[in-house]
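Okay, so here's the structure we're looking at.
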Amino acid sequence: MAKFEKSRWVDSQFSKNYRDDADIYLPFRRQFIEITILFYKHFLSRKAGNKILDLGCGDGLCIQELLKSYSPEEVVLVDGSQEMLDAAKGRLKDFPNVQYVRASFQELLAKDTLTKDFDFIYSSLAIHHLSLEEKCDLFAYVYDHLSSGGYFVHYDVILPPTEILEKWYLSLWKQWIKEHPNYKDRKELLAITDQYKGNPDNTPDTLESQMKAMHEIGFQNVDCFFKYGIFSLFGGSK
């Protein structure tokens, strides 16, 4: 993976466009977030004093939705983009006990500036920029920073196991964009599926290889919790 400071995410306009258009070109984005919150409700809502870490937090939408119903003791949001952190700060300005850390995944792995453990670690559409070796390193980092009984939930794009399936999944993605109510005003977004395939910063790996890595690291209850085409929600516990 290229260093974060050389990626598109340091471009303020690119980050803004992502925030503005995400619901149009990310299939079932709200449903992925809803299932993440239902996961938290089932496994963690009865535990007092939860600490939450969001890796690659973006504009903080998922955490905002979670905080509407739950009041963890502490929330730490990490992102390499100052533009995204600023958007998250604006979105979460009414919620207490939220901290913001500007750092790329490589910087976290190199310096490990997080000195505490967390009960719930979440990541959304960010880890696919890492190579498989870097993903494994990050999964190990996550495992080390989970409290006993804590959970990791990861929403991201994955590499289909065959080319035949990939072609179908990408056609599903295009169909989603075409059928979105706002598509007629943003037809250029249909090109995103091709741009995704052609962008060298995107290095997704198969769901199987990532879940296998998590098992080998020591995660328990590893599974895929929700999936649509190349988009998947998966994770495990410590």
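How things are named: the first chain in the structure tokens is A, the next is B, and so on; residues count from 1 in each chain; ligands count from 1 in the order shown.
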Point to revise | Surrounding residues of Gly80 in chain A excluding itself and chain neighbours under 2 positions, 6 Å, only C-alpha atoms, as an MDAnalysis selection string | key: chainID A and resid 102:104
Take the residues just selected and output them with C-alpha atoms as a PDB file, in the first residue's frame.
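So the final result, stored in out.pdb, reads:
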ATOM      1  CA  ARG A 102      -5.017  11.512  13.474  1.00  0.00           C
ATOM      2  CA  ALA A 103      -2.951   8.523  12.386  1.00  0.00           C
ATOM      3  CA  SER A 104      -2.697   6.143   9.480  1.00  0.00           C
TER       4      SER A 104
END
Check your understanding: Skipping near chain neighbours, those fewer than 2 positions away, what residues fall within 10 Å of range 152-166 of chain A using only C-alpha atoms, listed as a ChimeraX atom specification?
Key -> /A:29,32-33,36,39-40,53-55,118-129,139,142-143,146,150,168-172,202-210,219,222-238
Exercise for review: as an MDAnalysis selection string, list the residues of range 34-209 of chain A assigned to strand (DSSP E or B) by DSSP on the backbone atoms of this structure.
Suggested key: chainID A and resid 51:55 74:79 98:102 118:124 146:157
Given the selection you just returned, output its residues as a file containing N, CA and C atoms, formatted as an mmCIF file, in the first residue's frame.
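Saved as part_9.cif:
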data_model
loop_
_atom_site.group_PDB
_atom_site.id
_atom_site.type_symbol
_atom_site.label_atom_id
_atom_site.label_comp_id
_atom_site.auth_asym_id
_atom_site.auth_seq_id
_atom_site.Cartn_x
_atom_site.Cartn_y
_atom_site.Cartn_z
ATOM 1 N N LYS A 51 -15.547 0.687 26.290
ATOM 2 C CA LYS A 51 -14.650 1.572 25.542
ATOM 3 C C LYS A 51 -14.675 1.136 24.076
ATOM 4 N N ILE A 52 -14.839 2.107 23.183
ATOM 5 C CA ILE A 52 -15.002 1.820 21.755
ATOM 6 C C ILE A 52 -13.892 2.482 20.959
ATOM 7 N N LEU A 53 -13.374 1.755 19.982
ATOM 8 C CA LEU A 53 -12.359 2.277 19.059
ATOM 9 C C LEU A 53 -12.875 2.124 17.636
ATOM 10 N N ASP A 54 -12.827 3.210 16.867
ATOM 11 C CA ASP A 54 -13.203 3.184 15.454
ATOM 12 C C ASP A 54 -11.951 3.464 14.629
ATOM 13 N N LEU A 55 -11.504 2.471 13.863
ATOM 14 C CA LEU A 55 -10.286 2.582 13.062
ATOM 15 C C LEU A 55 -10.644 2.964 11.631
ATOM 16 N N GLU A 74 -16.172 5.602 26.869
ATOM 17 C CA GLU A 74 -15.176 6.319 26.085
ATOM 18 C C GLU A 74 -15.230 5.865 24.637
ATOM 19 N N VAL A 75 -15.020 6.803 23.717
ATOM 20 C CA VAL A 75 -14.949 6.492 22.290
ATOM 21 C C VAL A 75 -13.697 7.142 21.719
ATOM 22 N N VAL A 76 -12.898 6.381 20.994
ATOM 23 C CA VAL A 76 -11.705 6.905 20.331
ATOM 24 C C VAL A 76 -11.869 6.694 18.829
ATOM 25 N N LEU A 77 -11.772 7.778 18.075
ATOM 26 C CA LEU A 77 -11.874 7.725 16.624
ATOM 27 C C LEU A 77 -10.511 7.997 16.004
ATOM 28 N N VAL A 78 -10.093 7.122 15.090
ATOM 29 C CA VAL A 78 -8.795 7.245 14.440
ATOM 30 C C VAL A 78 -8.996 7.345 12.932
ATOM 31 N N ASP A 79 -8.318 8.303 12.312
ATOM 32 C CA ASP A 79 -8.337 8.398 10.852
ATOM 33 C C ASP A 79 -7.082 9.126 10.399
ATOM 34 N N VAL A 98 -15.615 11.679 23.635
ATOM 35 C CA VAL A 98 -15.133 11.251 22.321
ATOM 36 C C VAL A 98 -13.757 11.870 22.077
ATOM 37 N N GLN A 99 -12.793 11.045 21.736
ATOM 38 C CA GLN A 99 -11.442 11.515 21.449
ATOM 39 C C GLN A 99 -11.109 11.254 19.983
ATOM 40 N N TYR A 100 -10.227 12.086 19.422
ATOM 41 C CA TYR A 100 -9.882 11.993 18.012
ATOM 42 C C TYR A 100 -8.365 11.870 17.865
ATOM 43 N N VAL A 101 -7.951 10.907 17.049
ATOM 44 C CA VAL A 101 -6.524 10.665 16.833
ATOM 45 C C VAL A 101 -6.269 10.644 15.327
ATOM 46 N N ARG A 102 -5.384 11.537 14.886
ATOM 47 C CA ARG A 102 -5.017 11.512 13.474
ATOM 48 C C ARG A 102 -3.811 10.604 13.293
ATOM 49 N N PHE A 118 -9.882 -2.019 24.437
ATOM 50 C CA PHE A 118 -11.237 -1.622 24.073
ATOM 51 C C PHE A 118 -12.158 -2.840 24.071
ATOM 52 N N ASP A 119 -13.426 -2.578 24.345
ATOM 53 C CA ASP A 119 -14.420 -3.648 24.365
ATOM 54 C C ASP A 119 -15.033 -3.878 22.990
ATOM 55 N N PHE A 120 -14.988 -2.847 22.143
ATOM 56 C CA PHE A 120 -15.573 -2.946 20.805
ATOM 57 C C PHE A 120 -14.702 -2.147 19.846
ATOM 58 N N ILE A 121 -14.162 -2.827 18.861
ATOM 59 C CA ILE A 121 -13.348 -2.166 17.837
ATOM 60 C C ILE A 121 -14.037 -2.343 16.494
ATOM 61 N N TYR A 122 -14.199 -1.237 15.791
ATOM 62 C CA TYR A 122 -14.938 -1.220 14.528
ATOM 63 C C TYR A 122 -14.076 -0.578 13.455
ATOM 64 N N SER A 123 -14.217 -1.052 12.228
ATOM 65 C CA SER A 123 -13.559 -0.406 11.107
ATOM 66 C C SER A 123 -14.471 -0.479 9.896
ATOM 67 N N SER A 124 -14.456 0.576 9.105
ATOM 68 C CA SER A 124 -15.386 0.675 7.983
ATOM 69 C C SER A 124 -14.667 1.127 6.715
ATOM 70 N N LEU A 146 -7.916 -5.515 22.225
ATOM 71 C CA LEU A 146 -9.247 -5.898 22.688
ATOM 72 C C LEU A 146 -9.173 -6.371 24.136
ATOM 73 N N SER A 147 -10.133 -5.966 24.912
ATOM 74 C CA SER A 147 -10.243 -6.516 26.259
ATOM 75 C C SER A 147 -10.765 -7.943 26.171
ATOM 76 N N SER A 148 -10.582 -8.724 27.218
ATOM 77 C CA SER A 148 -11.095 -10.093 27.229
ATOM 78 C C SER A 148 -12.607 -10.067 27.057
ATOM 79 N N GLY A 149 -13.101 -10.815 26.087
ATOM 80 C CA GLY A 149 -14.536 -10.800 25.802
ATOM 81 C C GLY A 149 -14.934 -9.696 24.847
ATOM 82 N N GLY A 150 -13.963 -8.905 24.364
ATOM 83 C CA GLY A 150 -14.265 -7.821 23.437
ATOM 84 C C GLY A 150 -14.484 -8.325 22.018
ATOM 85 N N TYR A 151 -15.047 -7.455 21.177
ATOM 86 C CA TYR A 151 -15.401 -7.841 19.813
ATOM 87 C C TYR A 151 -14.831 -6.869 18.788
ATOM 88 N N PHE A 152 -14.473 -7.425 17.640
ATOM 89 C CA PHE A 152 -14.016 -6.652 16.490
ATOM 90 C C PHE A 152 -15.000 -6.871 15.345
ATOM 91 N N VAL A 153 -15.508 -5.779 14.760
ATOM 92 C CA VAL A 153 -16.432 -5.854 13.635
ATOM 93 C C VAL A 153 -15.870 -5.017 12.490
ATOM 94 N N HIS A 154 -15.800 -5.612 11.325
ATOM 95 C CA HIS A 154 -15.100 -5.020 10.180
ATOM 96 C C HIS A 154 -16.031 -5.004 8.966
ATOM 97 N N TYR A 155 -16.373 -3.809 8.487
ATOM 98 C CA TYR A 155 -17.203 -3.624 7.291
ATOM 99 C C TYR A 155 -16.302 -3.150 6.162
ATOM 100 N N ASP A 156 -16.225 -3.942 5.072
ATOM 101 C CA ASP A 156 -15.265 -3.583 4.029
ATOM 102 C C ASP A 156 -15.602 -4.307 2.730
ATOM 103 N N VAL A 157 -14.877 -3.935 1.680
ATOM 104 C CA VAL A 157 -14.960 -4.672 0.424
ATOM 105 C C VAL A 157 -13.993 -5.844 0.477
#
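Relative to CA of Asp21 in chain A, CA of Ala88 in chain A is found at 16.0 Å.
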Point to revise | Picked from range 41-220 of chain A by DSSP as helix (DSSP H, G or I), as a PyMOL selection string | key: chain A and resi 41-44+61-67+82-91+105-111+127-129+132-144+163-179+183-185+187-198+207-217
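Among the candidate residues A:Tyr183, A:Phe105, A:Phe43, A:Phe28, the one lying nearest to Ser81 in chain A is A:Phe105, with distances computed using only C-alpha atoms.
Of the listed residues (A:Pro181, A:Pro96, A:Gly49, A:Gly90), A:Pro181 comes nearest to Tyr25 in chain A; the distances count only C-alpha atoms.
Shortest separation to Asp59 in chain A among A:Leu26, A:Ile217, A:Leu92, A:Ala191 occurs at residue A:Leu92, atoms counted being only C-alpha atoms.
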